[in-house]
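Peer 1: Contents of structure-v6.cif (mmCIF, C-alpha atoms):
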data_coords
loop_
_atom_site.label_atom_id
_atom_site.label_comp_id
_atom_site.auth_asym_id
_atom_site.auth_seq_id
_atom_site.Cartn_x
_atom_site.Cartn_y
_atom_site.Cartn_z
CA MET T 1 49.33 61.06 54.70
CA GLU T 2 46.23 60.94 56.88
CA ASP T 3 46.64 57.19 57.54
CA LYS T 4 50.17 57.95 58.74
CA THR T 5 48.83 60.54 61.17
CA VAL T 6 46.17 58.17 62.51
CA SER T 7 48.80 55.49 63.03
CA GLU T 8 51.15 57.96 64.74
CA TYR T 9 48.31 59.27 66.93
CA LYS T 10 47.35 55.78 68.03
CA GLU T 11 50.95 54.92 68.90
CA VAL T 12 51.41 58.10 70.95
CA ILE T 13 48.15 57.46 72.80
CA LYS T 14 49.14 53.84 73.38
CA ARG T 15 52.33 54.97 75.11
CA CYS T 16 50.49 57.63 77.13
CA LYS T 17 47.90 55.07 78.18
CA GLU T 18 50.63 52.63 79.28
CA LEU T 19 52.01 55.32 81.59
CA PHE T 20 48.49 56.13 82.82
CA GLU T 21 47.97 52.44 83.65
CA LYS T 22 51.24 52.20 85.58
CA LYS T 23 50.54 55.38 87.53
CA THR T 24 46.99 54.24 88.28
CA ARG T 25 48.31 50.95 89.61
CA ASP T 26 50.97 52.81 91.67
CA TYR T 27 48.88 55.70 93.01
CA GLY T 28 45.27 54.68 92.52
CA THR T 29 43.02 57.54 91.50
CA ALA T 30 44.25 60.23 93.86
CA TRP T 31 43.60 62.68 91.00
CA ARG T 32 39.86 62.27 91.67
CA ILE T 33 40.27 64.77 94.54
CA LEU T 34 41.10 67.47 91.97
CA ARG T 35 38.47 69.76 90.57
CA VAL T 36 38.55 70.08 86.80
CA SER T 37 39.98 73.59 87.21
CA SER T 38 42.89 72.10 89.19
CA LEU T 39 43.56 69.66 86.36
CA THR T 40 43.56 72.66 84.00
CA ASP T 41 46.21 74.27 86.19
CA GLN T 42 48.29 71.07 86.11
CA ILE T 43 48.18 71.17 82.32
CA PHE T 44 49.14 74.85 82.43
CA ILE T 45 52.19 74.10 84.60
CA LYS T 46 53.39 71.50 82.11
CA ALA T 47 52.86 73.72 79.06
CA GLN T 48 54.46 76.71 80.78
CA ARG T 49 57.53 74.60 81.66
CA VAL T 50 57.89 73.57 78.00
CA ARG T 51 57.69 77.20 76.90
CA SER T 52 60.17 78.28 79.55
CA ILE T 53 62.68 75.64 78.43
CA GLN T 54 62.14 76.60 74.79
CA GLU T 55 62.79 80.27 75.57
CA LYS T 56 65.77 79.73 77.89
CA GLY T 57 67.35 77.05 75.75
CA GLN T 58 68.25 74.98 78.80
CA GLN T 59 66.64 73.13 81.64
CA LEU T 60 67.74 72.45 85.19
CA VAL T 61 65.35 69.57 85.98
CA ASP T 62 66.04 66.30 84.16
CA ASP T 63 62.46 65.61 83.01
CA ASN T 64 62.48 66.20 79.26
CA ILE T 65 59.80 68.09 77.38
CA THR T 66 58.40 64.93 75.79
CA ASP T 67 57.40 63.88 79.32
CA GLU T 68 55.57 67.19 79.70
CA PHE T 69 53.62 66.66 76.46
CA ILE T 70 52.69 63.16 77.66
CA GLY T 71 51.52 64.77 80.91
CA ILE T 72 49.45 67.30 78.97
CA ILE T 73 47.74 64.48 77.08
CA ASN T 74 47.06 62.42 80.19
CA TYR T 75 45.86 65.36 82.29
CA CYS T 76 43.52 66.44 79.47
CA ILE T 77 42.08 62.93 79.34
CA LEU T 78 41.75 62.91 83.15
CA ALA T 79 39.88 66.22 82.93
CA MET T 80 37.53 64.77 80.31
CA ILE T 81 36.94 61.75 82.57
CA GLN T 82 36.30 64.06 85.56
CA LEU T 83 33.72 65.94 83.49
CA GLU T 84 32.02 62.64 82.71
CA LEU T 85 32.10 61.57 86.38
CA VAL T 86 30.89 64.86 87.84
CA LYS T 87 28.02 63.15 89.72
CA ASP T 88 30.14 60.17 90.79
CA ASP T 89 31.86 60.96 94.08
CA ARG T 90 33.88 57.75 94.40
CA MET T 91 37.54 58.51 95.02
CA GLU T 92 38.89 55.13 93.94
CA LEU T 93 38.18 53.63 90.56
CA SER T 94 39.94 50.60 89.17
CA TYR T 95 42.07 50.79 86.07
CA GLU T 96 39.70 48.26 84.52
CA GLU T 97 36.82 50.72 84.97
CA LEU T 98 38.87 53.70 83.81
CA GLU T 99 40.49 52.11 80.76
CA PRO T 100 37.34 52.24 78.58
CA LYS T 101 36.74 55.85 79.64
CA TYR T 102 40.34 56.72 78.75
CA GLN T 103 39.99 54.95 75.39
CA HIS T 104 36.66 56.63 74.65
CA ALA T 105 38.17 60.07 75.27
CA ALA T 106 41.15 59.19 73.05
CA ASP T 107 38.91 57.82 70.28
CA GLU T 108 36.61 60.87 70.31
CA THR T 109 39.68 63.09 70.13
CA LEU T 110 41.09 61.10 67.21
CA ALA T 111 37.82 61.59 65.32
CA LEU T 112 38.15 65.34 65.88
CA LEU T 113 41.77 65.20 64.68
CA GLN T 114 40.74 63.41 61.51
CA ASN T 115 38.04 65.98 60.73
CA LYS T 116 40.35 68.92 61.36
CA ASN T 117 43.24 67.32 59.49
CA HIS T 118 40.96 66.90 56.50
CA ASP T 119 39.97 70.56 56.56
CA TYR T 120 43.40 71.99 57.39
CA GLY T 121 45.47 69.63 55.22
CA GLU T 122 47.83 68.65 58.04
CA ALA T 123 49.15 72.20 58.38
CA TRP T 124 50.54 71.22 61.79
CA ARG T 125 53.37 69.34 60.07
CA GLU T 126 54.75 72.71 58.91
CA MET T 127 54.41 74.38 62.30
CA ARG T 128 57.13 74.88 64.89
CA VAL T 129 56.85 73.01 68.20
CA SER T 130 57.22 76.39 69.92
CA SER T 131 54.16 77.72 68.07
CA ILE T 132 52.14 74.66 68.95
CA THR T 133 53.19 75.11 72.59
CA ASP T 134 51.90 78.69 72.45
CA ILE T 135 48.58 77.47 71.02
CA ILE T 136 48.26 74.97 73.88
CA LEU T 137 48.84 77.83 76.33
CA MET T 138 46.24 79.96 74.55
CA LYS T 139 43.74 77.10 74.76
CA LEU T 140 44.50 76.83 78.48
CA LEU T 141 43.81 80.51 79.00
CA ARG T 142 40.51 80.04 77.19
CA VAL T 143 39.59 77.08 79.39
CA LYS T 144 40.49 79.05 82.51
CA GLN T 145 38.22 81.89 81.36
CA ILE T 146 35.36 79.48 80.66
CA GLU T 147 35.88 77.89 84.08
CA ASP T 148 35.92 81.32 85.72
CA ASN T 149 32.60 82.02 83.96
CA GLN T 150 31.14 78.80 85.46
CA GLY T 151 31.17 77.15 82.03
CA LYS T 152 29.01 79.75 80.35
CA THR T 153 29.98 80.85 76.85
CA LEU T 154 28.25 82.99 74.27
CA VAL T 155 29.62 81.48 71.06
CA SER T 156 32.68 79.47 72.05
CA GLU T 157 33.26 75.75 72.29
CA GLY T 158 33.20 74.34 75.78
CA VAL T 159 36.11 73.08 77.83
CA LYS T 160 35.95 69.52 76.46
CA ALA T 161 36.63 70.69 72.89
CA ASN T 162 39.59 72.71 74.15
CA TYR T 163 40.97 69.70 76.04
CA GLN T 164 40.64 67.68 72.84
CA ASP T 165 42.50 70.34 70.86
CA MET T 166 45.27 70.37 73.46
CA ILE T 167 45.57 66.58 73.28
CA ASN T 168 45.90 66.76 69.52
CA TYR T 169 48.45 69.57 69.65
CA ALA T 170 50.50 67.68 72.25
CA VAL T 171 50.38 64.57 70.04
CA PHE T 172 51.62 66.68 67.12
CA CYS T 173 54.51 67.96 69.25
CA LEU T 174 55.50 64.44 70.25
CA ILE T 175 55.41 63.34 66.61
CA LYS T 176 57.50 66.34 65.56
CA LEU T 177 59.99 65.65 68.40
CA ASN T 178 60.48 62.09 67.09
CA PHE T 179 59.02 60.61 70.27
CA LEU T 180 57.92 57.53 68.35
CA ASN T 181 61.54 56.81 67.42
CA SER T 182 62.80 56.95 71.00
#
Please rewrite the model in this file as structure tokens.

Peer 2:
Amino acid sequence: MEDKTVSEYKEVIKRCKELFEKKTRDYGTAWRILRVSSLTDQIFIKAQRVRSIQEKGQQLVDDNITDEFIGIINYCILAMIQLELVKDDRMELSYEELEPKYQHAADETLALLQNKNHDYGEAWREMRVSSITDIILMKLLRVKQIEDNQGKTLVSEGVKANYQDMINYAVFCLIKLNFLNS
């Protein structure tokens, strides 16, 4: 089962990365102007929209929730890249420079997924997408609190680990929503 999850993860990330490449070529790296906390808020907006649609049972804007989960993944990876580039004030970076950073973040996150999947026995496969959405929102609230505390924690993981968890949860949602079959 784990090999299936790794394969599914890689395919989801491949599709997210393709969108990231297209947007980078269209818009450049305008996102570099955003502080990491602003990226956190972008992720929050996407997760909150998913929850709102789930609760209301309808949506008025055409963008489907799979697009929001893709956005969550890509914004989390952007936040991880921003954390890595904190001392680099260049606004424009080429896709060719960003691609390995994107891939590194995705690969590190996959390693975390594999370790957690081993310990938890792929419990996520039995979870509801709505519950996973709530967990993403909880992780976001944690990140916001850590950011408000200037990154200081007493016993908690830092923001990067939370971004990684959110990536993995968003991947799980996309798998459960049959994104790979669309």

Peer 1: May I ask for the distance between CA of Val155 in chain T and CA of Met127 in chain T, given in Å to one decimal place?

Peer 2: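 We find that CA of Val155 in chain T and CA of Met127 in chain T lie 27.2 Å from each other.
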
Peer 1: If we count all atoms listed in the file, what is near Met138 in chain T at a cut-off of 10 Å, once residues fewer than 4 positions away on the same chain are taken out, given as a ChimeraX atom specification?

Peer 2: /T:44,132-134,142-144,162,166

Peer 1: Residues proximal to (47.1, 67.0, 84.9) were defined as those with any atom within 12 Å of that point in the file's coordinates, counting all atoms listed in the file. Which are they, as an NGL selection string?

Peer 2: :T and (20 or 30-32 or 34-47 or 68-82 or 163 or 167)

Peer 1: For this file, the PyMOL selection byres ((chain T and resi 110) around 9) selects which residues, as a list of chain:residue names?

Peer 2: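 Checked against the file, the PyMOL selection byres ((chain T and resi 110) around 9) matches T:Val6, T:Tyr9, T:Lys10, T:Ala105, T:Ala106, T:Asp107, T:Glu108, T:Thr109, T:Ala111, T:Leu112, T:Leu113, T:Gln114, T:Asn115, T:Gln164, T:Asn168.
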
Peer 1: Quote the spacing between CA of Cys173 in chain T and CA of Ile65 in chain T in Å to one decimal place.

Peer 2: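 The value is 9.7 Å.
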
Peer 1: What separation in Å, quoted to one decimal, exists between CA of Lys17 in chain T and CA of Glu97 in chain T?

Peer 2: 13.7 Å

Peer 1: Which residues are near Ser182 in chain T? Cut-off 12 Å, only C-alpha atoms, ignore same chain within fewer than 4 positions. Put them as a list in words.

Peer 2: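 Final neighbour list, sorted by chain and number: Val12, Arg15, Thr66, Leu174, Ile175, Leu177 and Asn178 of chain T.
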
Peer 1: I'd like the neighbourhood of range 21-25 of chain T as a ChimeraX atom specification, where a residue qualifies if any of its atoms comes within 9 Å (using only C-alpha atoms), though same-chain residues fewer than 5 positions away should be ignored.

Peer 2: /T:16,30,94-95,99

Peer 1: Of the candidates T:Val86, T:Gln145, T:Tyr27, T:His104, which shows the shortest atom-to-atom distance to Val159 in chain T, using only C-alpha atoms?

Peer 2: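 Of T:Val86, T:Gln145, T:Tyr27, T:His104, the one nearest Val159 in chain T is T:Gln145, counting only C-alpha atoms.
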